[in-house]
>>> print(open('target16.tsv').read())   # TSV, C-alpha atoms
chain	number	residue	atom	x	y	z
J	1	MET	CA	63.56	135.80	146.14
J	2	ILE	CA	60.52	135.95	143.83
J	3	GLN	CA	61.35	135.18	140.20
J	4	ALA	CA	62.66	138.29	138.45
J	5	LYS	CA	60.87	139.76	135.46
J	6	PRO	CA	61.63	137.83	132.27
J	7	SER	CA	62.78	140.82	130.20
J	8	GLY	CA	64.63	144.07	130.55
J	9	PRO	CA	68.28	144.99	131.14
J	10	LEU	CA	67.68	145.19	134.91
J	11	SER	CA	66.17	141.70	135.21
J	12	GLY	CA	67.67	140.01	138.24
J	13	ILE	CA	68.34	143.32	140.03
J	14	THR	CA	66.53	143.84	143.34
J	15	VAL	CA	65.70	147.36	144.54
J	16	LEU	CA	64.66	148.23	148.08
J	17	ASP	CA	62.43	151.28	147.70
J	18	LEU	CA	62.14	153.43	150.83
J	19	THR	CA	60.77	156.37	148.87
J	20	ARG	CA	57.46	158.17	148.96
J	21	VAL	CA	55.36	160.70	147.05
J	22	LEU	CA	57.04	161.47	143.70
J	23	ALA	CA	60.80	161.91	143.12
J	24	GLY	CA	61.82	158.55	144.57
J	25	PRO	CA	58.83	156.53	143.36
J	26	TYR	CA	59.27	157.97	139.86
J	27	CYS	CA	62.90	156.77	139.89
J	28	THR	CA	61.99	153.28	141.06
J	29	MET	CA	59.12	153.09	138.55
J	30	VAL	CA	61.68	153.66	135.78
J	31	LEU	CA	63.82	150.88	137.25
J	32	ALA	CA	60.81	148.56	137.44
J	33	ASP	CA	59.88	149.35	133.82
J	34	LEU	CA	63.41	148.32	132.85
J	35	GLY	CA	63.02	144.94	134.51
J	36	ALA	CA	64.17	145.42	138.11
J	37	ARG	CA	62.32	143.89	141.00
J	38	VAL	CA	61.23	146.77	143.25
J	39	ILE	CA	60.16	146.12	146.84
J	40	LYS	CA	58.50	149.11	148.49
J	41	VAL	CA	59.34	149.19	152.18
J	42	GLU	CA	56.52	151.31	153.63
J	43	PRO	CA	55.62	152.54	157.11
J	44	PRO	CA	52.94	150.40	158.77
J	45	LYS	CA	49.31	151.57	158.72
J	46	LYS	CA	49.61	154.57	156.36
J	47	GLY	CA	52.31	153.53	153.90
J	48	ASP	CA	53.63	155.88	151.23
J	49	ASP	CA	52.21	159.39	151.76
J	50	ALA	CA	51.01	159.34	148.14
J	51	ARG	CA	48.35	156.78	149.07
J	52	ALA	CA	46.50	159.70	150.69
J	53	ILE	CA	46.96	162.17	147.80
J	54	GLY	CA	44.17	162.55	145.24
J	55	PRO	CA	42.57	162.28	142.85
J	56	PHE	CA	40.83	159.18	144.19
J	57	LEU	CA	39.07	156.38	142.37
J	58	LYS	CA	36.12	154.65	144.03
J	59	GLY	CA	36.11	150.89	143.65
J	60	ARG	CA	34.17	147.91	144.78
J	61	ASN	CA	32.65	148.00	148.27
J	62	GLY	CA	33.26	151.76	148.42
J	63	VAL	CA	37.05	151.39	148.60
J	64	GLU	CA	38.90	154.50	147.44
J	65	LYS	CA	42.40	154.45	146.05
J	66	SER	CA	44.74	157.23	144.95
J	67	ALA	CA	45.08	157.37	141.17
J	68	TYR	CA	48.24	159.37	141.85
J	69	PHE	CA	49.80	156.53	143.83
J	70	LEU	CA	48.62	153.85	141.41
J	71	SER	CA	50.18	155.65	138.45
J	72	LEU	CA	53.64	155.85	140.06
J	73	ASN	CA	53.99	152.43	141.65
J	74	ARG	CA	52.98	149.89	139.03
J	75	GLY	CA	54.87	146.65	138.96
J	76	LYS	CA	56.22	146.97	142.51
J	77	GLU	CA	55.77	144.88	145.65
J	78	SER	CA	54.95	146.18	149.13
J	79	ILE	CA	55.94	145.19	152.63
J	80	ALA	CA	55.21	147.33	155.69
J	81	LEU	CA	58.07	147.54	158.18
J	82	ASP	CA	58.70	149.65	161.26
J	83	LEU	CA	62.42	150.32	160.97
J	84	LYS	CA	62.56	151.48	164.60
J	85	ALA	CA	61.27	148.14	165.87
J	86	LYS	CA	63.40	145.03	166.33
J	87	ALA	CA	61.12	142.80	164.25
J	88	GLY	CA	60.99	145.26	161.36
J	89	ARG	CA	64.76	145.77	161.40
J	90	ARG	CA	65.36	142.02	161.32
J	91	ILE	CA	63.32	141.68	158.14
J	92	PHE	CA	64.84	144.80	156.59
J	93	GLU	CA	68.37	143.57	157.21
J	94	ALA	CA	67.54	140.23	155.62
J	95	LEU	CA	66.31	142.16	152.56
J	96	LEU	CA	69.47	144.26	152.52
J	97	ALA	CA	71.58	141.11	152.35
J	98	LYS	CA	69.89	140.20	149.04
J	99	ALA	CA	69.41	143.67	147.52
J	100	ASP	CA	71.44	145.36	144.80
J	101	ILE	CA	70.12	148.90	145.25
J	102	LEU	CA	68.53	150.94	148.03
J	103	VAL	CA	66.68	154.13	147.08
J	104	GLU	CA	65.44	156.65	149.66
J	105	ASN	CA	64.21	160.24	149.61
J	106	TYR	CA	64.26	161.17	153.28
J	107	ARG	CA	65.79	164.37	154.57
J	108	PRO	CA	69.56	163.97	155.09
J	109	GLY	CA	70.33	162.38	158.43
J	110	VAL	CA	67.18	160.26	158.76
J	111	MET	CA	68.84	157.05	157.58
J	112	GLU	CA	71.77	157.68	159.91
J	113	LYS	CA	69.38	158.01	162.86
J	114	LEU	CA	67.85	154.68	161.91
J	115	GLY	CA	71.33	153.14	161.82
J	116	TYR	CA	71.29	152.66	158.05
J	117	GLY	CA	73.43	155.52	156.80
J	118	TRP	CA	75.84	155.09	153.90
J	119	GLU	CA	78.91	154.37	156.03
J	120	VAL	CA	77.18	151.56	157.90
J	121	LEU	CA	75.53	150.06	154.84
J	122	HIS	CA	78.69	150.20	152.74
J	123	LYS	CA	80.69	148.47	155.47
J	124	ASN	CA	78.13	145.69	155.91
J	125	HIS	CA	77.05	145.43	152.24
J	126	PRO	CA	79.95	146.62	150.08
J	127	LYS	CA	78.20	145.76	146.80
J	128	LEU	CA	75.03	147.69	147.66
J	129	ILE	CA	74.31	150.83	145.63
J	130	TYR	CA	72.78	153.53	147.82
J	131	ALA	CA	70.78	156.27	146.06
J	132	ALA	CA	69.43	159.27	147.94
J	133	ALA	CA	67.18	161.91	146.37
J	134	SER	CA	66.44	164.89	148.63
J	135	GLY	CA	65.48	168.52	148.31
J	136	PHE	CA	68.96	170.02	148.58
J	137	GLY	CA	71.33	167.07	148.68
J	138	HIS	CA	73.48	165.76	151.52
J	139	THR	CA	75.92	168.69	151.63
J	140	GLY	CA	75.68	172.48	151.71
J	141	PRO	CA	73.97	175.00	153.99
J	142	TYR	CA	70.42	173.97	152.99
J	143	ARG	CA	70.91	170.21	153.41
J	144	GLY	CA	68.57	169.98	156.41
J	145	ARG	CA	65.70	171.92	154.84
J	146	ALA	CA	62.49	170.36	153.61
J	147	ALA	CA	61.55	170.92	149.97
J	148	TYR	CA	58.70	170.28	147.60
J	149	ASP	CA	58.54	170.66	143.85
J	150	MET	CA	57.22	174.24	144.08
J	151	VAL	CA	60.09	175.29	146.34
J	152	VAL	CA	62.87	174.07	144.05
J	153	GLN	CA	61.14	175.37	140.91
J	154	ALA	CA	61.14	178.79	142.57
J	155	MET	CA	64.68	178.65	143.94
J	156	GLY	CA	66.22	177.05	140.86
J	157	GLY	CA	65.21	179.79	138.42
J	158	ILE	CA	62.72	177.75	136.37
J	159	MET	CA	59.74	179.83	137.49
J	160	SER	CA	61.56	183.06	136.57
J	161	VAL	CA	61.61	182.05	132.90
J	162	THR	CA	58.13	180.47	132.79
J	163	GLY	CA	54.90	182.27	131.88
J	164	GLN	CA	54.01	185.43	130.00
J	165	PRO	CA	56.17	188.61	130.08
J	166	GLY	CA	55.05	190.85	132.91
J	167	GLY	CA	52.79	188.17	134.37
J	168	PRO	CA	52.79	186.68	137.88
J	169	PRO	CA	55.10	183.78	138.84
J	170	VAL	CA	54.03	180.56	137.12
J	171	ARG	CA	54.92	177.00	138.07
J	172	VAL	CA	55.68	174.54	135.26
J	173	GLY	CA	52.50	172.50	134.79
J	174	THR	CA	53.97	169.18	135.91
J	175	SER	CA	56.16	168.49	138.95
J	176	ILE	CA	59.39	168.94	137.07
J	177	GLY	CA	61.32	169.43	140.32
J	178	ASP	CA	60.51	165.91	141.47
J	179	ILE	CA	60.54	164.25	138.06
J	180	THR	CA	63.97	165.52	137.04
J	181	ALA	CA	65.37	164.38	140.40
J	182	GLY	CA	63.86	160.95	139.84
J	183	LEU	CA	65.33	160.72	136.36
J	184	PHE	CA	68.80	161.91	137.40
J	185	THR	CA	68.75	159.41	140.28
J	186	ALA	CA	67.88	156.61	137.85
J	187	ILE	CA	70.77	157.69	135.59
J	188	GLY	CA	73.11	157.65	138.58
J	189	ILE	CA	71.95	154.16	139.52
J	190	GLY	CA	72.54	152.87	135.99
J	191	SER	CA	76.05	154.33	136.05
J	192	ALA	CA	76.76	152.83	139.48
J	193	LEU	CA	75.59	149.40	138.31
J	194	TYR	CA	78.00	149.61	135.38
J	195	GLY	CA	80.79	150.68	137.70
J	196	ARG	CA	80.06	147.79	140.06
J	197	GLU	CA	80.53	145.34	137.19
J	198	ARG	CA	84.14	146.52	136.95
J	199	THR	CA	84.99	147.11	140.61
J	200	GLY	CA	82.63	144.79	142.50
J	201	ARG	CA	81.75	147.63	144.85
J	202	GLY	CA	78.70	149.80	145.32
J	203	ARG	CA	78.67	153.54	145.77
J	204	LYS	CA	76.50	156.33	147.10
J	205	ILE	CA	74.44	158.54	144.76
J	206	ASP	CA	73.42	161.92	146.18
J	207	VAL	CA	70.88	163.86	144.08
J	208	GLY	CA	69.41	167.19	145.16
J	209	MET	CA	66.17	168.43	143.59
J	210	LEU	CA	67.50	172.00	143.51
J	211	ASP	CA	70.67	170.85	141.72
J	212	CYS	CA	68.51	169.22	139.05
J	213	GLN	CA	66.67	172.48	138.37
J	214	ILE	CA	69.98	174.23	137.76
J	215	ALA	CA	71.04	171.35	135.48
J	216	ILE	CA	68.04	171.90	133.17
J	217	LEU	CA	68.24	175.70	132.90
J	218	GLU	CA	70.32	175.22	129.70
J	219	ASN	CA	69.76	178.25	127.44
J	220	ALA	CA	68.88	180.54	130.34
J	221	ILE	CA	72.37	180.14	131.79
J	222	ALA	CA	73.99	180.74	128.40
J	223	ARG	CA	71.97	183.93	127.93
J	224	TYR	CA	72.90	185.19	131.38
J	225	GLN	CA	76.58	184.49	130.77
J	226	ALA	CA	76.49	186.29	127.41
J	227	SER	CA	74.54	189.35	128.55
J	228	GLY	CA	74.97	189.62	132.30
J	229	ILE	CA	71.19	190.02	132.56
J	230	SER	CA	68.90	187.41	134.10
J	231	PRO	CA	66.40	186.33	131.41
J	232	GLY	CA	62.67	186.52	132.05
J	233	PRO	CA	59.62	184.69	130.71
J	234	LEU	CA	58.79	184.79	127.01
J	235	GLY	CA	55.53	182.87	126.88
J	236	ALA	CA	55.76	180.17	124.22
J	237	ARG	CA	58.55	181.87	122.29
J	238	HIS	CA	62.09	180.49	122.16
J	239	PRO	CA	64.68	182.98	123.40
J	240	SER	CA	67.23	182.46	120.62
J	241	ILE	CA	65.45	180.82	117.66
J	242	ALA	CA	62.73	182.40	115.51
J	243	PRO	CA	60.14	181.57	114.41
J	244	PHE	CA	59.85	179.06	117.23
J	245	ALA	CA	56.58	179.75	119.06
J	246	ALA	CA	52.79	179.44	119.13
J	247	PHE	CA	50.90	181.32	116.43
J	248	ARG	CA	47.21	182.13	115.94
J	249	THR	CA	45.34	180.77	112.94
J	250	LYS	CA	41.72	181.16	111.82
J	251	ASP	CA	40.62	179.05	114.80
J	252	ASP	CA	43.11	177.28	117.07
J	253	PRO	CA	46.75	178.20	117.68
J	254	VAL	CA	49.57	176.01	116.35
J	255	VAL	CA	53.26	175.77	117.13
J	256	ILE	CA	55.76	176.33	114.35
J	257	ALA	CA	59.49	175.74	114.78
J	258	ALA	CA	61.48	176.81	111.73
J	259	GLY	CA	64.87	176.44	113.35
J	260	ASN	CA	67.17	177.30	110.44
J	261	ASP	CA	67.29	179.41	107.27
J	262	GLY	CA	66.30	176.53	105.01
J	263	LEU	CA	63.17	175.80	107.01
J	264	PHE	CA	62.35	179.52	107.14
J	265	GLN	CA	62.52	179.67	103.34
J	266	LYS	CA	60.12	176.72	103.13
J	267	LEU	CA	57.85	178.37	105.68
J	268	ALA	CA	57.69	181.58	103.65
J	269	GLU	CA	56.72	179.57	100.59
J	270	SER	CA	54.12	177.55	102.52
J	271	LEU	CA	52.53	180.72	103.89
J	272	ASP	CA	52.61	182.22	100.41
J	273	ILE	CA	54.76	185.13	101.56
J	274	PRO	CA	57.82	184.64	99.33
J	275	GLY	CA	59.24	188.05	100.22
J	276	MET	CA	59.38	187.18	103.91
J	277	ALA	CA	62.54	185.07	103.51
J	278	THR	CA	64.42	187.94	101.81
J	279	ASP	CA	63.11	190.71	104.05
J	280	GLU	CA	66.10	192.52	105.60
J	281	ARG	CA	64.53	192.11	109.04
J	282	PHE	CA	64.35	188.32	108.75
J	283	ARG	CA	67.36	187.23	106.65
J	284	SER	CA	69.11	185.45	109.52
J	285	ASN	CA	68.04	183.77	112.73
J	286	ASP	CA	69.62	186.55	114.79
J	287	LEU	CA	67.66	189.19	112.87
J	288	ARG	CA	64.45	187.18	113.19
J	289	CYS	CA	64.93	187.02	116.97
J	290	ARG	CA	65.54	190.77	117.15
J	291	ASN	CA	62.43	191.42	115.08
J	292	SER	CA	60.26	188.64	116.47
J	293	ASP	CA	57.21	190.86	117.05
J	294	ALA	CA	57.21	192.01	113.42
J	295	LEU	CA	57.76	188.44	112.24
J	296	THR	CA	54.84	187.18	114.33
J	297	LEU	CA	52.57	189.87	112.93
J	298	GLU	CA	53.53	188.98	109.34
J	299	MET	CA	53.00	185.27	109.92
J	300	GLU	CA	49.70	185.59	111.77
J	301	GLN	CA	48.23	187.76	109.03
J	302	ALA	CA	48.78	184.87	106.65
J	303	LEU	CA	47.81	182.16	109.13
J	304	ALA	CA	44.46	183.86	109.77
J	305	GLY	CA	43.25	182.74	106.36
J	306	LYS	CA	43.02	179.01	107.16
J	307	SER	CA	42.19	176.69	110.05
J	308	ALA	CA	44.81	175.08	112.27
J	309	GLU	CA	44.03	171.68	110.72
J	310	ASP	CA	44.58	173.01	107.20
J	311	TRP	CA	47.83	174.73	108.09
J	312	LEU	CA	49.22	171.70	109.91
J	313	ALA	CA	48.62	169.58	106.82
J	314	ILE	CA	50.38	172.17	104.62
J	315	LEU	CA	53.32	172.54	107.00
J	316	ALA	CA	53.74	168.79	107.47
J	317	LYS	CA	53.82	168.29	103.70
J	318	ALA	CA	56.56	170.93	103.44
J	319	GLY	CA	58.59	169.24	106.19
J	320	ILE	CA	58.31	172.15	108.62
J	321	PRO	CA	58.28	171.11	112.31
J	322	SER	CA	54.85	172.05	113.63
J	323	GLY	CA	52.01	170.69	115.70
J	324	PRO	CA	48.72	171.35	117.45
J	325	ILE	CA	48.53	172.45	121.08
J	326	ASN	CA	46.86	169.37	122.52
J	327	ASN	CA	45.09	169.14	125.84
J	328	VAL	CA	45.73	166.01	127.93
J	329	GLU	CA	42.83	164.07	126.41
J	330	GLN	CA	43.99	164.88	122.89
J	331	ALA	CA	47.59	163.99	123.69
J	332	LEU	CA	46.61	160.61	125.15
J	333	ASN	CA	44.58	159.81	122.03
J	334	ASP	CA	47.14	161.00	119.50
J	335	PRO	CA	47.80	158.17	116.99
J	336	GLN	CA	51.59	158.56	117.36
J	337	ILE	CA	51.33	158.25	121.14
J	338	LEU	CA	49.13	155.16	120.81
J	339	ALA	CA	51.40	153.61	118.17
J	340	ARG	CA	54.36	154.00	120.54
J	341	ASN	CA	52.47	152.30	123.39
J	342	MET	CA	52.73	155.41	125.53
J	343	VAL	CA	49.34	154.80	127.15
J	344	VAL	CA	49.31	151.55	129.10
J	345	ARG	CA	46.75	150.00	131.41
J	346	ALA	CA	46.84	148.28	134.78
J	347	GLU	CA	43.92	146.33	136.22
J	348	ASP	CA	43.49	147.00	139.91
J	349	ALA	CA	41.41	144.47	141.84
J	350	GLU	CA	39.35	147.19	143.53
J	351	VAL	CA	39.04	150.14	141.13
J	352	GLY	CA	39.38	148.29	137.83
J	353	ALA	CA	41.29	149.50	134.78
J	354	LEU	CA	43.53	152.55	135.08
J	355	LYS	CA	45.33	154.18	132.15
J	356	MET	CA	48.77	155.66	132.73
J	357	ALA	CA	51.83	156.83	130.84
J	358	GLY	CA	53.92	154.09	129.26
J	359	ASN	CA	57.67	153.61	129.26
J	360	PRO	CA	59.38	155.96	126.75
J	361	ILE	CA	62.57	153.86	126.75
J	362	LYS	CA	62.11	151.40	123.90
J	363	LEU	CA	64.76	148.68	123.82
J	364	SER	CA	65.16	146.24	120.95
J	365	ASP	CA	65.00	143.05	123.00
J	366	MET	CA	62.66	144.12	125.80
J	367	GLU	CA	58.93	143.52	125.96
J	368	ASP	CA	56.71	146.61	126.07
J	369	PRO	CA	53.30	145.24	127.04
J	370	ALA	CA	50.12	147.29	126.82
J	371	THR	CA	49.05	146.05	130.26
J	372	ARG	CA	51.13	146.31	133.43
J	373	THR	CA	51.05	144.81	136.91
J	374	PRO	CA	49.09	147.20	139.16
J	375	ALA	CA	50.53	149.05	142.13
J	376	PRO	CA	50.44	146.96	145.30
J	377	ASP	CA	48.17	147.39	148.28
J	378	LEU	CA	50.02	148.26	151.47
J	379	ASP	CA	51.86	145.18	152.81
J	380	GLN	CA	50.38	143.08	150.00
J	381	ASP	CA	53.49	140.95	149.46
J	382	ARG	CA	54.50	140.43	153.07
J	383	ARG	CA	53.75	136.73	153.28
J	384	ALA	CA	55.55	135.87	150.05
J	385	ILE	CA	58.60	137.98	150.92
J	386	LEU	CA	58.94	136.53	154.40
J	387	LYS	CA	58.63	133.02	152.98
J	388	GLU	CA	61.50	133.73	150.58
J	389	LEU	CA	63.63	135.07	153.42
J	390	GLY	CA	62.80	132.08	155.61
J	391	ILE	CA	61.44	134.35	158.35
J	392	ARG	CA	58.50	133.53	160.57
J	393	GLU	CA	56.71	136.21	162.55
>>> encode(input="target16.tsv", output="structure tokens")
Amino acid sequence: MIQAKPSGPLSGITVLDLTRVLAGPYCTMVLADLGARVIKVEPPKKGDDARAIGPFLKGRNGVEKSAYFLSLNRGKESIALDLKAKAGRRIFEALLAKADILVENYRPGVMEKLGYGWEVLHKNHPKLIYAAASGFGHTGPYRGRAAYDMVVQAMGGIMSVTGQPGGPPVRVGTSIGDITAGLFTAIGIGSALYGRERTGRGRKIDVGMLDCQIAILENAIARYQASGISPGPLGARHPSIAPFAAFRTKDDPVVIAAGNDGLFQKLAESLDIPGMATDERFRSNDLRCRNSDALTLEMEQALAGKSAEDWLAILAKAGIPSGPINNVEQALNDPQILARNMVVRAEDAEVGALKMAGNPIKLSDMEDPATRTPAPDLDQDRRAILKELGIRE
């Protein structure tokens, strides 16, 4: 096979990536960032569905490419195979013989119809780790249903606690249904690799997007268990810590998170309201939560006297967790983000330079370059892969 990446804990690990759109490609991007070799096995002609999802970048000779696809598939290779055709299956099976991990996000049953379900693959390739990310998982009454991010956000309760009180249903601003599934799948794969070191055998990982939404409900579940009442949206306010929200200043809003009594005392001093910390309504976190509207009013009266920039400097000096509410452009240009190499660049041959999110997992002995290998064109690596496998078409 092609030489593995020189750094990263997953160097030398080969991943066959049968995924498309977001949940699966996000998982395999994480694996690639950690050093794995990821080979995208795509349908002929159209490839990953994400290749046709905008926004699009226009390149040389009028070629358009999906910025969405490019941002999720950096550092991978591509080969187009028809898994229903004899020639495609021959190549795929040769790849399986050399792979460590297979990742797919089809509906349950699709791989079985192709003849590559878990039972078959485990029998023929006992060391192979098989990871499946689907809408509802491979068991349960909904297993055969299709799902997108919006569907699982709605069904999993996330939308019910997102937005302003009394407002219409609001989706979380990023595709958290897909992304959490991708991350949990990557965690499962890491665990399975560790297990294989001890047992020599692979295992199946079954991740449902809906399950992942339940897994991240955290405080909402605790509140329901304690009260018997399903919690609703609270805007930017935390349900059980105060002050822990967005507050208006003279110009722009800021977030302030004084999560304990000591920080609240410092906040009162910083706002020049010394009596606020001893006010009977605010003497404990529980009381502050019960009287959050009164607390917000008191704080915003003081905050109205200075700009957001001035207040953030004062609060930072006092050691009070706080920050501006950045838009995407501001976030990408934040000096902390840049210092942590969280904006990287890939140079595509057609559309040129493309900025994208970096790898948040910083490891002591792993390179974290500012430039990355771009996402592949469909079937770009076919010739090299077939040469490695010793297959002629």
>>> closest_residue(input="target16.tsv", among="J:Pro141, J:Gly232, J:Gly117, J:Gly163", to="Lys204 in chain J", atoms="all atoms listed in the file")
J:Gly117
>>> atom_distance(input="target16.tsv", atom1="CA of Pro55 in chain J", atom2="CA of Met159 in chain J")
25.1 Å
>>> residues_around(input="target16.tsv", residues="range 373-389 of chain J", least_positions_apart="4", cutoff="7 Å", atoms="only C-alpha atoms", output="PyMOL selection string")
chain J and resi 1+47+70+73-80+94+346-348
>>> atom_distance(input="target16.tsv", atom1="CA of Ala245 in chain J", atom2="CA of Ala257 in chain J")
6.5 Å
>>> closest_residue(input="target16.tsv", among="J:Glu42, J:Ala226, J:Lys65, J:Val254", to="Ala313 in chain J", atoms="all atoms listed in the file")
J:Val254
>>> atom_distance(input="target16.tsv", atom1="CA of Gly140 in chain J", atom2="CA of Val170 in chain J")
27.3 Å
>>> residues_around(input="target16.tsv", residues="Ser284 in chain J", least_positions_apart="5", cutoff="10 Å", atoms="all atoms listed in the file", output="JSON, numbers by chain")
{"J": [242, 260, 261, 264, 277, 278, 279, 289, 290]}
>>> residues_around(input="target16.tsv", residues="Pro9 in chain J", least_positions_apart="2", cutoff="12 Å", atoms="all atoms listed in the file", output="ChimeraX atom specification")
/J:4-7,11-13,30-37,190,193-194,361-367
>>> closest_residue(input="target16.tsv", among="J:Val255, J:Ala236, J:Ala181, J:Ala294", to="Phe136 in chain J", atoms="only C-alpha atoms")
J:Ala181
>>> residues_around(input="target16.tsv", residues="range 16-20 of chain J", least_positions_apart="6", cutoff="8 Å", atoms="only C-alpha atoms", output="JSON, numbers by chain")
{"J": [28, 38, 39, 40, 41, 42, 48, 49, 50, 95, 96, 99, 101, 102, 103, 104, 105, 106]}
>>> residues_around(input="target16.tsv", residues="Arg340 in chain J", least_positions_apart="4", cutoff="9 Å", atoms="only C-alpha atoms", output="ChimeraX atom specification")
/J:335-336,358,360,362
>>> residues_near_point(input="target16.tsv", point="(59.9, 188.1, 102.8)", cutoff="12 Å", atoms="all atoms listed in the file", output="VMD selection string")
chain J and resid 264 to 269 271 to 284 288 294 to 295 298 to 299
>>> closest_residue(input="target16.tsv", among="J:Tyr130, J:Tyr224, J:Phe56, J:Tyr116", to="Asp100 in chain J", atoms="all atoms listed in the file")
J:Tyr130
>>> residues_near_point(input="target16.tsv", point="(77.7, 146.8, 145.0)", cutoff="6 Å", atoms="all atoms listed in the file", output="list of chain:residue names")
J:Pro126, J:Lys127, J:Leu128, J:Ile129, J:Arg196, J:Gly200, J:Arg201, J:Gly202
